[in-house]
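Reading through the structure tokens given below for one structure.
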Amino acid sequence: MILLASRNAHKLEEVRAILLPLIPGLDSIEGAPPELPEPVEDGRTFAENAVIKARQVAEATGRPAIADDSGLCVDIMGGAPGIFSARWSGQHGNDAGNLDLLLAQLSDVKPEHRGARFVCAAALAMPDGTVVVEEGQMVGTLRYERAGEGGFGYDPIFQSEGSSLTNAQLSASEKNAISHRNKAFAKLAPHVAAILGR
């Protein structure tokens, strides 16, 4: 068994769907123990924040732990909101507020300058302090208005490269197949398999 440094049920389900088929014999991935305090994510990059989360759980439980940190990086904004994606409007997890603010900030930006990418850093931390980090990206452009009812966060305005639909218009399986999180954890899977002897 391996632990995911998150108590987010949606994320746990998504990571299980990615990793379990890639690691034969991996019996389960469980969430972080509820008694652990929320880690202080004060890193300057997605990778640093992912390591902070994974390392906290590995050190507290003595078990291998995985974690990720992700967000939206807008080219014309120098990579912002980046690590502040979830709290861009000032309140953590306010998806509607974050989306409204970003749309307002980009309202007069021409289509050819609306390039963006979702970035995910996935980390594996061992109780002995060993850490491995892999990264995945989903490149695309940002729409001027929301479209679609699925997904979360910035999905209603993000259109991945080669698609005519926003992430929010894709099914969960369609989005997961091309997502930044899928790419990052797929790269991490061989490292997880190696430490578990699979």
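Chain labels follow the order of the structure tokens: the first chain is A, the next B, and so on; residue numbering restarts at 1 in every chain, and ligands are counted from 1 in their shown order.
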Near stretch 179-193 of chain A, counting only C-alpha atoms, which residues have an atom at most 6 Å away, once you skip same-chain residues fewer than 5 positions from it, shown as JSON, numbers by chain?
-> {"A": [23, 119, 120, 122, 134, 135, 136, 137, 138, 198]}
Let me see the file: selected residues, C-alpha atoms, as an mmCIF file, in the first residue's frame.
```cif
data_model
loop_
_atom_site.group_PDB
_atom_site.id
_atom_site.type_symbol
_atom_site.label_atom_id
_atom_site.label_comp_id
_atom_site.auth_asym_id
_atom_site.auth_seq_id
_atom_site.Cartn_x
_atom_site.Cartn_y
_atom_site.Cartn_z
ATOM 1 C CA ILE A 23 1.626 -1.030 -11.266
ATOM 2 C CA VAL A 119 1.221 21.880 -14.958
ATOM 3 C CA CYS A 120 1.411 19.072 -12.425
ATOM 4 C CA ALA A 122 4.027 14.515 -8.768
ATOM 5 C CA GLU A 134 8.112 14.025 -12.197
ATOM 6 C CA GLU A 135 6.178 16.675 -14.114
ATOM 7 C CA GLY A 136 3.418 16.674 -16.710
ATOM 8 C CA GLN A 137 1.822 19.437 -18.765
ATOM 9 C CA MET A 138 -1.341 19.958 -20.796
ATOM 10 C CA ARG A 198 6.762 -4.727 -8.539
#
```
Can you list every residue in stretch 11-141 of chain A that DSSP puts in helix (DSSP H, G or I), as number ranges by chain?
-> A: 11-19, 46-61, 75-77, 82-87, 95-105, 111-113
From the set A:Asn176, A:Gln56, A:Asn94, A:Thr141, which residue has the shortest atom-to-atom contact distance to A:Asp75, counting only C-alpha atoms?
-> A:Thr141
Identify, with DSSP run on backbone atoms, the residues in stretch 26-178 of chain A assigned to strand (DSSP E or B), and express the list as a ChimeraX atom specification.
-> /A:29-31,65-74,81,115-125,131-142,158-160,166
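Near A:Arg63, within 9 Å and counting only C-alpha atoms, sit Met1, Ile2, Leu3, Val57, Ala58, Glu59, Ala125, Met126 and Pro127 of chain A; same-chain residues fewer than 4 positions away were not included.
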Please produce a file of those selected residues containing N, CA, C and O atoms, as a PDB file, in the first residue's frame.
```pdb
ATOM      1  N   MET A   1       0.831  -1.198   0.000  1.00  0.00           N
ATOM      2  CA  MET A   1       0.000   0.000   0.000  1.00  0.00           C
ATOM      3  C   MET A   1       0.873   1.258   0.000  1.00  0.00           C
ATOM      4  O   MET A   1       1.964   1.264   0.564  1.00  0.00           O
ATOM      5  N   ILE A   2       0.374   2.275  -0.651  1.00  0.00           N
ATOM      6  CA  ILE A   2       1.063   3.559  -0.680  1.00  0.00           C
ATOM      7  C   ILE A   2       0.059   4.638  -0.290  1.00  0.00           C
ATOM      8  O   ILE A   2      -1.153   4.477  -0.495  1.00  0.00           O
ATOM      9  N   LEU A   3       0.531   5.725   0.278  1.00  0.00           N
ATOM     10  CA  LEU A   3      -0.359   6.787   0.740  1.00  0.00           C
ATOM     11  C   LEU A   3      -0.307   7.986  -0.195  1.00  0.00           C
ATOM     12  O   LEU A   3       0.765   8.374  -0.665  1.00  0.00           O
ATOM     13  N   VAL A  57       3.800  13.282   4.967  1.00  0.00           N
ATOM     14  CA  VAL A  57       3.089  12.025   5.204  1.00  0.00           C
ATOM     15  C   VAL A  57       4.062  10.863   5.377  1.00  0.00           C
ATOM     16  O   VAL A  57       3.891  10.017   6.255  1.00  0.00           O
ATOM     17  N   ALA A  58       5.116  10.823   4.559  1.00  0.00           N
ATOM     18  CA  ALA A  58       6.101   9.743   4.671  1.00  0.00           C
ATOM     19  C   ALA A  58       6.787   9.760   6.033  1.00  0.00           C
ATOM     20  O   ALA A  58       6.968   8.715   6.666  1.00  0.00           O
ATOM     21  N   GLU A  59       7.159  10.953   6.497  1.00  0.00           N
ATOM     22  CA  GLU A  59       7.845  11.066   7.789  1.00  0.00           C
ATOM     23  C   GLU A  59       6.917  10.734   8.949  1.00  0.00           C
ATOM     24  O   GLU A  59       7.323  10.103   9.927  1.00  0.00           O
ATOM     25  N   ALA A 125       7.850  10.346  -1.912  1.00  0.00           N
ATOM     26  CA  ALA A 125       8.771  10.522  -0.786  1.00  0.00           C
ATOM     27  C   ALA A 125       8.836   9.235   0.023  1.00  0.00           C
ATOM     28  O   ALA A 125       7.809   8.598   0.284  1.00  0.00           O
ATOM     29  N   MET A 126      10.060   8.884   0.395  1.00  0.00           N
ATOM     30  CA  MET A 126      10.286   7.696   1.215  1.00  0.00           C
ATOM     31  C   MET A 126      10.590   8.115   2.649  1.00  0.00           C
ATOM     32  O   MET A 126      11.098   9.219   2.886  1.00  0.00           O
ATOM     33  N   PRO A 127      10.289   7.252   3.616  1.00  0.00           N
ATOM     34  CA  PRO A 127      10.585   7.583   5.019  1.00  0.00           C
ATOM     35  C   PRO A 127      12.058   7.892   5.273  1.00  0.00           C
ATOM     36  O   PRO A 127      12.387   8.630   6.197  1.00  0.00           O
TER      37      PRO A 127
END
```
Tell me which protein, DNA and RNA residues are within 7 Å of A:Ile66, counting only C-alpha atoms, leaving out same-chain ones fewer than 5 positions away, and put them as a ChimeraX atom specification.
-> /A:3-5,54,123-125
Spatial neighbours of A:Ser163, 12 Å, only C-alpha atoms, chain gap at least 5 places, as a list in words |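 Near neighbours after the sequence-gap exclusion: Met138, Val139, Gly140, Thr141, Phe158, Gln169, Leu170, Glu174, Lys175 and Ile178 of chain A.
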At what distance in Å, to one decimal, does atom CA of A:Val51 lie from atom CA of A:Ile76?
->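 Spanning atom CA of A:Ile76 to atom CA of A:Val51 is a straight-line distance of 27.7 Å.
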If we count only C-alpha atoms and set the cut-off at 12 Å, which residues sit around stretch 7-12 of chain A, ignoring sequence neighbours fewer than 3 positions away in its own chain? Please answer as a PDB file with all heavy atoms, in the first residue's frame.
```
ATOM      1  N   ILE A   2       0.374   2.275  -0.651  1.00  0.00           N
ATOM      2  CA  ILE A   2       1.063   3.559  -0.680  1.00  0.00           C
ATOM      3  C   ILE A   2       0.059   4.638  -0.290  1.00  0.00           C
ATOM      4  O   ILE A   2      -1.153   4.477  -0.495  1.00  0.00           O
ATOM      5  CB  ILE A   2       1.681   3.815  -2.071  1.00  0.00           C
ATOM      6  CG1 ILE A   2       2.712   4.943  -2.002  1.00  0.00           C
ATOM      7  CG2 ILE A   2       0.618   4.098  -3.115  1.00  0.00           C
ATOM      8  CD1 ILE A   2       3.678   4.940  -3.160  1.00  0.00           C
ATOM      9  N   LEU A   3       0.531   5.725   0.278  1.00  0.00           N
ATOM     10  CA  LEU A   3      -0.359   6.787   0.740  1.00  0.00           C
ATOM     11  C   LEU A   3      -0.307   7.986  -0.195  1.00  0.00           C
ATOM     12  O   LEU A   3       0.765   8.374  -0.665  1.00  0.00           O
ATOM     13  CB  LEU A   3       0.037   7.231   2.148  1.00  0.00           C
ATOM     14  CG  LEU A   3      -0.128   6.185   3.248  1.00  0.00           C
ATOM     15  CD1 LEU A   3       0.474   6.696   4.563  1.00  0.00           C
ATOM     16  CD2 LEU A   3      -1.603   5.840   3.463  1.00  0.00           C
ATOM     17  N   LEU A   4      -1.462   8.564  -0.451  1.00  0.00           N
ATOM     18  CA  LEU A   4      -1.547   9.813  -1.198  1.00  0.00           C
ATOM     19  C   LEU A   4      -1.695  10.934  -0.190  1.00  0.00           C
ATOM     20  O   LEU A   4      -2.598  10.908   0.645  1.00  0.00           O
ATOM     21  CB  LEU A   4      -2.750   9.799  -2.148  1.00  0.00           C
ATOM     22  CG  LEU A   4      -3.005  11.106  -2.904  1.00  0.00           C
ATOM     23  CD1 LEU A   4      -1.892  11.387  -3.910  1.00  0.00           C
ATOM     24  CD2 LEU A   4      -4.358  11.067  -3.608  1.00  0.00           C
ATOM     25  N   VAL A  15      -6.105   9.548  -8.968  1.00  0.00           N
ATOM     26  CA  VAL A  15      -4.766   8.973  -8.888  1.00  0.00           C
ATOM     27  C   VAL A  15      -4.829   7.447  -8.897  1.00  0.00           C
ATOM     28  O   VAL A  15      -4.006   6.781  -9.536  1.00  0.00           O
ATOM     29  CB  VAL A  15      -4.020   9.503  -7.644  1.00  0.00           C
ATOM     30  CG1 VAL A  15      -2.712   8.754  -7.421  1.00  0.00           C
ATOM     31  CG2 VAL A  15      -3.750  10.997  -7.791  1.00  0.00           C
ATOM     32  N   ARG A  16      -5.821   6.888  -8.224  1.00  0.00           N
ATOM     33  CA  ARG A  16      -6.003   5.431  -8.273  1.00  0.00           C
ATOM     34  C   ARG A  16      -6.228   4.965  -9.704  1.00  0.00           C
ATOM     35  O   ARG A  16      -5.661   3.964 -10.152  1.00  0.00           O
ATOM     36  CB  ARG A  16      -7.199   5.015  -7.412  1.00  0.00           C
ATOM     37  CG  ARG A  16      -6.921   4.947  -5.926  1.00  0.00           C
ATOM     38  CD  ARG A  16      -8.190   4.614  -5.172  1.00  0.00           C
ATOM     39  NE  ARG A  16      -7.966   4.452  -3.752  1.00  0.00           N
ATOM     40  CZ  ARG A  16      -8.902   4.641  -2.835  1.00  0.00           C
ATOM     41  NH1 ARG A  16     -10.118   5.012  -3.184  1.00  0.00           N
ATOM     42  NH2 ARG A  16      -8.619   4.468  -1.560  1.00  0.00           N
ATOM     43  N   ALA A  17      -7.079   5.690 -10.436  1.00  0.00           N
ATOM     44  CA  ALA A  17      -7.390   5.320 -11.820  1.00  0.00           C
ATOM     45  C   ALA A  17      -6.153   5.372 -12.707  1.00  0.00           C
ATOM     46  O   ALA A  17      -6.026   4.590 -13.653  1.00  0.00           O
ATOM     47  CB  ALA A  17      -8.481   6.232 -12.376  1.00  0.00           C
ATOM     48  N   ILE A  18      -5.236   6.272 -12.407  1.00  0.00           N
ATOM     49  CA  ILE A  18      -4.010   6.393 -13.198  1.00  0.00           C
ATOM     50  C   ILE A  18      -2.999   5.303 -12.822  1.00  0.00           C
ATOM     51  O   ILE A  18      -2.461   4.610 -13.682  1.00  0.00           O
ATOM     52  CB  ILE A  18      -3.358   7.786 -13.003  1.00  0.00           C
ATOM     53  CG1 ILE A  18      -4.275   8.896 -13.521  1.00  0.00           C
ATOM     54  CG2 ILE A  18      -1.998   7.852 -13.698  1.00  0.00           C
ATOM     55  CD1 ILE A  18      -3.867  10.291 -13.069  1.00  0.00           C
ATOM     56  N   LEU A  19      -2.737   5.151 -11.518  1.00  0.00           N
ATOM     57  CA  LEU A  19      -1.625   4.309 -11.081  1.00  0.00           C
ATOM     58  C   LEU A  19      -1.928   2.813 -10.991  1.00  0.00           C
ATOM     59  O   LEU A  19      -1.067   1.995 -11.323  1.00  0.00           O
ATOM     60  CB  LEU A  19      -1.103   4.785  -9.722  1.00  0.00           C
ATOM     61  CG  LEU A  19      -0.277   6.070  -9.709  1.00  0.00           C
ATOM     62  CD1 LEU A  19       0.205   6.365  -8.296  1.00  0.00           C
ATOM     63  CD2 LEU A  19       0.917   5.971 -10.652  1.00  0.00           C
ATOM     64  N   LEU A  20      -3.111   2.442 -10.545  1.00  0.00           N
ATOM     65  CA  LEU A  20      -3.385   1.019 -10.319  1.00  0.00           C
ATOM     66  C   LEU A  20      -3.185   0.169 -11.580  1.00  0.00           C
ATOM     67  O   LEU A  20      -2.594  -0.913 -11.497  1.00  0.00           O
ATOM     68  CB  LEU A  20      -4.778   0.818  -9.714  1.00  0.00           C
ATOM     69  CG  LEU A  20      -4.920   1.316  -8.266  1.00  0.00           C
ATOM     70  CD1 LEU A  20      -6.356   1.167  -7.774  1.00  0.00           C
ATOM     71  CD2 LEU A  20      -3.971   0.576  -7.325  1.00  0.00           C
ATOM     72  N   SER A  28      -3.542  -1.109  -3.112  1.00  0.00           N
ATOM     73  CA  SER A  28      -4.378   0.057  -2.810  1.00  0.00           C
ATOM     74  C   SER A  28      -3.546   1.322  -2.646  1.00  0.00           C
ATOM     75  O   SER A  28      -2.343   1.268  -2.387  1.00  0.00           O
ATOM     76  CB  SER A  28      -5.199  -0.179  -1.539  1.00  0.00           C
ATOM     77  OG  SER A  28      -4.366  -0.191  -0.401  1.00  0.00           O
ATOM     78  N   ILE A  29      -4.236   2.435  -2.822  1.00  0.00           N
ATOM     79  CA  ILE A  29      -3.689   3.753  -2.538  1.00  0.00           C
ATOM     80  C   ILE A  29      -4.681   4.395  -1.576  1.00  0.00           C
ATOM     81  O   ILE A  29      -5.871   4.495  -1.890  1.00  0.00           O
ATOM     82  CB  ILE A  29      -3.559   4.606  -3.806  1.00  0.00           C
ATOM     83  CG1 ILE A  29      -2.635   3.919  -4.831  1.00  0.00           C
ATOM     84  CG2 ILE A  29      -3.026   5.996  -3.472  1.00  0.00           C
ATOM     85  CD1 ILE A  29      -2.639   4.573  -6.200  1.00  0.00           C
ATOM     86  N   GLU A  30      -4.210   4.784  -0.422  1.00  0.00           N
ATOM     87  CA  GLU A  30      -5.088   5.368   0.593  1.00  0.00           C
ATOM     88  C   GLU A  30      -4.764   6.842   0.775  1.00  0.00           C
ATOM     89  O   GLU A  30      -3.663   7.289   0.480  1.00  0.00           O
ATOM     90  CB  GLU A  30      -4.932   4.628   1.926  1.00  0.00           C
ATOM     91  CG  GLU A  30      -5.256   3.146   1.854  1.00  0.00           C
ATOM     92  CD  GLU A  30      -6.683   2.860   1.421  1.00  0.00           C
ATOM     93  OE1 GLU A  30      -7.576   3.656   1.772  1.00  0.00           O
ATOM     94  OE2 GLU A  30      -6.914   1.849   0.729  1.00  0.00           O
ATOM     95  N   GLY A  31      -5.732   7.589   1.312  1.00  0.00           N
ATOM     96  CA  GLY A  31      -5.533   9.007   1.583  1.00  0.00           C
ATOM     97  C   GLY A  31      -4.702   9.230   2.831  1.00  0.00           C
ATOM     98  O   GLY A  31      -4.427   8.309   3.595  1.00  0.00           O
ATOM     99  N   ALA A  32      -4.298  10.468   3.029  1.00  0.00           N
ATOM    100  CA  ALA A  32      -3.500  10.826   4.201  1.00  0.00           C
ATOM    101  C   ALA A  32      -4.302  10.615   5.479  1.00  0.00           C
ATOM    102  O   ALA A  32      -5.525  10.816   5.485  1.00  0.00           O
ATOM    103  CB  ALA A  32      -3.057  12.278   4.106  1.00  0.00           C
ATOM    104  N   PRO A  33      -3.653  10.194   6.560  1.00  0.00           N
ATOM    105  CA  PRO A  33      -4.365  10.033   7.834  1.00  0.00           C
ATOM    106  C   PRO A  33      -5.038  11.345   8.242  1.00  0.00           C
ATOM    107  O   PRO A  33      -4.417  12.414   8.153  1.00  0.00           O
ATOM    108  CB  PRO A  33      -3.247   9.671   8.819  1.00  0.00           C
ATOM    109  CG  PRO A  33      -2.156   9.094   7.967  1.00  0.00           C
ATOM    110  CD  PRO A  33      -2.231   9.832   6.673  1.00  0.00           C
ATOM    111  N   PRO A  34      -6.289  11.269   8.667  1.00  0.00           N
ATOM    112  CA  PRO A  34      -7.039  12.496   8.978  1.00  0.00           C
ATOM    113  C   PRO A  34      -6.459  13.306  10.134  1.00  0.00           C
ATOM    114  O   PRO A  34      -6.686  14.508  10.224  1.00  0.00           O
ATOM    115  CB  PRO A  34      -8.449  11.988   9.315  1.00  0.00           C
ATOM    116  CG  PRO A  34      -8.278  10.545   9.622  1.00  0.00           C
ATOM    117  CD  PRO A  34      -7.114  10.064   8.837  1.00  0.00           C
ATOM    118  N   GLU A  35      -5.676  12.670  10.995  1.00  0.00           N
ATOM    119  CA  GLU A  35      -5.124  13.398  12.147  1.00  0.00           C
ATOM    120  C   GLU A  35      -3.933  14.276  11.786  1.00  0.00           C
ATOM    121  O   GLU A  35      -3.526  15.136  12.577  1.00  0.00           O
ATOM    122  CB  GLU A  35      -4.733  12.424  13.264  1.00  0.00           C
ATOM    123  CG  GLU A  35      -3.594  11.473  12.932  1.00  0.00           C
ATOM    124  CD  GLU A  35      -4.063  10.182  12.254  1.00  0.00           C
ATOM    125  OE1 GLU A  35      -5.228  10.113  11.825  1.00  0.00           O
ATOM    126  OE2 GLU A  35      -3.241   9.246  12.179  1.00  0.00           O
ATOM    127  N   LEU A  36      -3.361  14.092  10.598  1.00  0.00           N
ATOM    128  CA  LEU A  36      -2.226  14.926  10.207  1.00  0.00           C
ATOM    129  C   LEU A  36      -2.695  16.349   9.891  1.00  0.00           C
ATOM    130  O   LEU A  36      -3.702  16.537   9.216  1.00  0.00           O
ATOM    131  CB  LEU A  36      -1.533  14.356   8.969  1.00  0.00           C
ATOM    132  CG  LEU A  36      -0.644  13.132   9.152  1.00  0.00           C
ATOM    133  CD1 LEU A  36       0.022  12.778   7.832  1.00  0.00           C
ATOM    134  CD2 LEU A  36       0.404  13.373  10.211  1.00  0.00           C
ATOM    135  N   PRO A  37      -1.955  17.355  10.357  1.00  0.00           N
ATOM    136  CA  PRO A  37      -2.326  18.733  10.028  1.00  0.00           C
ATOM    137  C   PRO A  37      -2.082  19.025   8.549  1.00  0.00           C
ATOM    138  O   PRO A  37      -1.284  18.344   7.902  1.00  0.00           O
ATOM    139  CB  PRO A  37      -1.401  19.579  10.916  1.00  0.00           C
ATOM    140  CG  PRO A  37      -0.209  18.701  11.142  1.00  0.00           C
ATOM    141  CD  PRO A  37      -0.737  17.296  11.187  1.00  0.00           C
ATOM    142  N   GLU A  38      -2.777  20.008   8.029  1.00  0.00           N
ATOM    143  CA  GLU A  38      -2.534  20.430   6.645  1.00  0.00           C
ATOM    144  C   GLU A  38      -1.122  20.990   6.545  1.00  0.00           C
ATOM    145  O   GLU A  38      -0.708  21.805   7.369  1.00  0.00           O
ATOM    146  CB  GLU A  38      -3.537  21.511   6.236  1.00  0.00           C
ATOM    147  CG  GLU A  38      -4.961  20.997   6.039  1.00  0.00           C
ATOM    148  CD  GLU A  38      -5.096  20.089   4.830  1.00  0.00           C
ATOM    149  OE1 GLU A  38      -4.353  20.275   3.843  1.00  0.00           O
ATOM    150  OE2 GLU A  38      -5.937  19.177   4.880  1.00  0.00           O
ATOM    151  N   PRO A  39      -0.345  20.560   5.562  1.00  0.00           N
ATOM    152  CA  PRO A  39       1.019  21.072   5.432  1.00  0.00           C
ATOM    153  C   PRO A  39       1.024  22.525   4.968  1.00  0.00           C
ATOM    154  O   PRO A  39       0.079  22.987   4.318  1.00  0.00           O
ATOM    155  CB  PRO A  39       1.641  20.171   4.363  1.00  0.00           C
ATOM    156  CG  PRO A  39       0.484  19.713   3.542  1.00  0.00           C
ATOM    157  CD  PRO A  39      -0.674  19.596   4.500  1.00  0.00           C
ATOM    158  N   LYS A  53       4.327  18.114   0.709  1.00  0.00           N
ATOM    159  CA  LYS A  53       3.159  17.298   1.081  1.00  0.00           C
ATOM    160  C   LYS A  53       3.520  15.817   1.212  1.00  0.00           C
ATOM    161  O   LYS A  53       3.144  15.156   2.191  1.00  0.00           O
ATOM    162  CB  LYS A  53       2.043  17.493   0.056  1.00  0.00           C
ATOM    163  CG  LYS A  53       1.428  18.883   0.118  1.00  0.00           C
ATOM    164  CD  LYS A  53       0.251  19.040  -0.827  1.00  0.00           C
ATOM    165  CE  LYS A  53       0.669  19.440  -2.219  1.00  0.00           C
ATOM    166  NZ  LYS A  53      -0.488  19.825  -3.070  1.00  0.00           N
ATOM    167  N   VAL A  57       3.800  13.282   4.967  1.00  0.00           N
ATOM    168  CA  VAL A  57       3.089  12.025   5.204  1.00  0.00           C
ATOM    169  C   VAL A  57       4.062  10.863   5.377  1.00  0.00           C
ATOM    170  O   VAL A  57       3.891  10.017   6.255  1.00  0.00           O
ATOM    171  CB  VAL A  57       2.085  11.750   4.061  1.00  0.00           C
ATOM    172  CG1 VAL A  57       1.468  10.361   4.194  1.00  0.00           C
ATOM    173  CG2 VAL A  57       0.994  12.814   4.053  1.00  0.00           C
ATOM    174  N   ILE A  66       2.917   9.625  -1.868  1.00  0.00           N
ATOM    175  CA  ILE A  66       2.925  10.392  -3.107  1.00  0.00           C
ATOM    176  C   ILE A  66       2.051  11.626  -2.930  1.00  0.00           C
ATOM    177  O   ILE A  66       1.136  11.638  -2.107  1.00  0.00           O
ATOM    178  CB  ILE A  66       2.435   9.557  -4.315  1.00  0.00           C
ATOM    179  CG1 ILE A  66       1.051   8.950  -4.025  1.00  0.00           C
ATOM    180  CG2 ILE A  66       3.446   8.473  -4.666  1.00  0.00           C
ATOM    181  CD1 ILE A  66       0.448   8.185  -5.189  1.00  0.00           C
ATOM    182  N   ALA A  67       2.350  12.646  -3.699  1.00  0.00           N
ATOM    183  CA  ALA A  67       1.575  13.887  -3.635  1.00  0.00           C
ATOM    184  C   ALA A  67       1.746  14.617  -4.946  1.00  0.00           C
ATOM    185  O   ALA A  67       2.664  14.327  -5.719  1.00  0.00           O
ATOM    186  CB  ALA A  67       2.049  14.772  -2.485  1.00  0.00           C
ATOM    187  N   ASP A  68       0.861  15.560  -5.192  1.00  0.00           N
ATOM    188  CA  ASP A  68       1.039  16.396  -6.372  1.00  0.00           C
ATOM    189  C   ASP A  68       0.674  17.825  -6.043  1.00  0.00           C
ATOM    190  O   ASP A  68      -0.006  18.117  -5.064  1.00  0.00           O
ATOM    191  CB  ASP A  68       0.212  15.878  -7.557  1.00  0.00           C
ATOM    192  CG  ASP A  68      -1.252  16.269  -7.473  1.00  0.00           C
ATOM    193  OD1 ASP A  68      -1.884  16.012  -6.430  1.00  0.00           O
ATOM    194  OD2 ASP A  68      -1.777  16.845  -8.438  1.00  0.00           O
ATOM    195  N   ASP A  69       1.170  18.714  -6.872  1.00  0.00           N
ATOM    196  CA  ASP A  69       0.760  20.115  -6.825  1.00  0.00           C
ATOM    197  C   ASP A  69       0.607  20.550  -8.272  1.00  0.00           C
ATOM    198  O   ASP A  69       1.415  20.177  -9.128  1.00  0.00           O
ATOM    199  CB  ASP A  69       1.784  20.985  -6.098  1.00  0.00           C
ATOM    200  CG  ASP A  69       1.198  22.341  -5.720  1.00  0.00           C
ATOM    201  OD1 ASP A  69       0.108  22.364  -5.111  1.00  0.00           O
ATOM    202  OD2 ASP A  69       1.812  23.367  -6.040  1.00  0.00           O
ATOM    203  N   SER A  70      -0.443  21.295  -8.533  1.00  0.00           N
ATOM    204  CA  SER A  70      -0.710  21.645  -9.929  1.00  0.00           C
ATOM    205  C   SER A  70      -1.407  22.989 -10.016  1.00  0.00           C
ATOM    206  O   SER A  70      -1.901  23.521  -9.021  1.00  0.00           O
ATOM    207  CB  SER A  70      -1.579  20.562 -10.576  1.00  0.00           C
ATOM    208  OG  SER A  70      -2.814  20.422  -9.892  1.00  0.00           O
ATOM    209  N   GLY A 151     -15.691  18.933 -14.978  1.00  0.00           N
ATOM    210  CA  GLY A 151     -14.411  19.417 -14.485  1.00  0.00           C
ATOM    211  C   GLY A 151     -14.534  20.325 -13.280  1.00  0.00           C
ATOM    212  O   GLY A 151     -15.554  20.361 -12.597  1.00  0.00           O
ATOM    213  N   PHE A 152     -13.503  21.099 -13.052  1.00  0.00           N
ATOM    214  CA  PHE A 152     -13.477  22.033 -11.922  1.00  0.00           C
ATOM    215  C   PHE A 152     -12.397  23.064 -12.191  1.00  0.00           C
ATOM    216  O   PHE A 152     -11.677  22.992 -13.189  1.00  0.00           O
ATOM    217  CB  PHE A 152     -13.224  21.289 -10.595  1.00  0.00           C
ATOM    218  CG  PHE A 152     -11.967  20.461 -10.590  1.00  0.00           C
ATOM    219  CD1 PHE A 152     -10.772  20.990 -10.127  1.00  0.00           C
ATOM    220  CD2 PHE A 152     -11.982  19.163 -11.046  1.00  0.00           C
ATOM    221  CE1 PHE A 152      -9.609  20.235 -10.126  1.00  0.00           C
ATOM    222  CE2 PHE A 152     -10.817  18.384 -11.045  1.00  0.00           C
ATOM    223  CZ  PHE A 152      -9.641  18.922 -10.587  1.00  0.00           C
ATOM    224  N   ALA A 172     -15.004  12.722 -17.898  1.00  0.00           N
ATOM    225  CA  ALA A 172     -13.895  12.570 -16.949  1.00  0.00           C
ATOM    226  C   ALA A 172     -12.800  11.682 -17.532  1.00  0.00           C
ATOM    227  O   ALA A 172     -11.607  11.978 -17.389  1.00  0.00           O
ATOM    228  CB  ALA A 172     -14.412  11.990 -15.637  1.00  0.00           C
ATOM    229  N   ASN A 176      -9.027  12.887 -18.232  1.00  0.00           N
ATOM    230  CA  ASN A 176      -7.954  12.205 -17.505  1.00  0.00           C
ATOM    231  C   ASN A 176      -6.913  11.616 -18.442  1.00  0.00           C
ATOM    232  O   ASN A 176      -5.724  11.566 -18.113  1.00  0.00           O
ATOM    233  CB  ASN A 176      -8.526  11.107 -16.611  1.00  0.00           C
ATOM    234  CG  ASN A 176      -9.304  11.662 -15.432  1.00  0.00           C
ATOM    235  OD1 ASN A 176      -9.217  12.847 -15.129  1.00  0.00           O
ATOM    236  ND2 ASN A 176     -10.085  10.815 -14.784  1.00  0.00           N
ATOM    237  N   ARG A 181      -2.011  15.789 -14.809  1.00  0.00           N
ATOM    238  CA  ARG A 181      -1.861  14.886 -13.658  1.00  0.00           C
ATOM    239  C   ARG A 181      -1.589  13.465 -14.141  1.00  0.00           C
ATOM    240  O   ARG A 181      -0.737  12.759 -13.599  1.00  0.00           O
ATOM    241  CB  ARG A 181      -3.113  14.939 -12.783  1.00  0.00           C
ATOM    242  CG  ARG A 181      -2.998  14.073 -11.523  1.00  0.00           C
ATOM    243  CD  ARG A 181      -4.124  14.332 -10.541  1.00  0.00           C
ATOM    244  NE  ARG A 181      -3.943  15.618  -9.901  1.00  0.00           N
ATOM    245  CZ  ARG A 181      -4.819  16.631  -9.944  1.00  0.00           C
ATOM    246  NH1 ARG A 181      -5.950  16.503 -10.609  1.00  0.00           N
ATOM    247  NH2 ARG A 181      -4.579  17.762  -9.331  1.00  0.00           N
ATOM    248  N   ASN A 182      -2.311  13.039 -15.163  1.00  0.00           N
ATOM    249  CA  ASN A 182      -2.084  11.711 -15.728  1.00  0.00           C
ATOM    250  C   ASN A 182      -0.645  11.568 -16.201  1.00  0.00           C
ATOM    251  O   ASN A 182       0.034  10.577 -15.916  1.00  0.00           O
ATOM    252  CB  ASN A 182      -3.057  11.479 -16.898  1.00  0.00           C
ATOM    253  CG  ASN A 182      -2.950  10.081 -17.485  1.00  0.00           C
ATOM    254  OD1 ASN A 182      -1.870   9.589 -17.762  1.00  0.00           O
ATOM    255  ND2 ASN A 182      -4.079   9.445 -17.688  1.00  0.00           N
ATOM    256  N   PHE A 185       1.864  11.484 -13.092  1.00  0.00           N
ATOM    257  CA  PHE A 185       1.829  10.242 -12.317  1.00  0.00           C
ATOM    258  C   PHE A 185       2.226   9.032 -13.149  1.00  0.00           C
ATOM    259  O   PHE A 185       2.786   8.064 -12.624  1.00  0.00           O
ATOM    260  CB  PHE A 185       0.462  10.047 -11.661  1.00  0.00           C
ATOM    261  CG  PHE A 185       0.321  10.770 -10.351  1.00  0.00           C
ATOM    262  CD1 PHE A 185      -0.439  11.926 -10.255  1.00  0.00           C
ATOM    263  CD2 PHE A 185       0.976  10.311  -9.214  1.00  0.00           C
ATOM    264  CE1 PHE A 185      -0.559  12.615  -9.049  1.00  0.00           C
ATOM    265  CE2 PHE A 185       0.855  10.985  -8.002  1.00  0.00           C
ATOM    266  CZ  PHE A 185       0.094  12.135  -7.920  1.00  0.00           C
TER     267      PHE A 185
END
```
Counting only C-alpha atoms, which of A:Phe84, A:Phe118, A:Phe46, A:Tyr144 gets nearest to A:Pro156?
->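 For A:Pro156, the nearest of the given residues is A:Tyr144.
Between A:Ser85 and the candidates A:Val131, A:Leu99, A:Pro21, A:Leu142, the tightest atom-to-atom separation, counting only C-alpha atoms, involves A:Leu99.
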Any idea what's packed within 12 Å of A:Trp88, counting only C-alpha atoms, ignoring anything in its chain fewer than 6 positions away? Could you give it as a PyMOL selection string?
-> chain A and resi 71-73+80-82+94-103+105+153-154
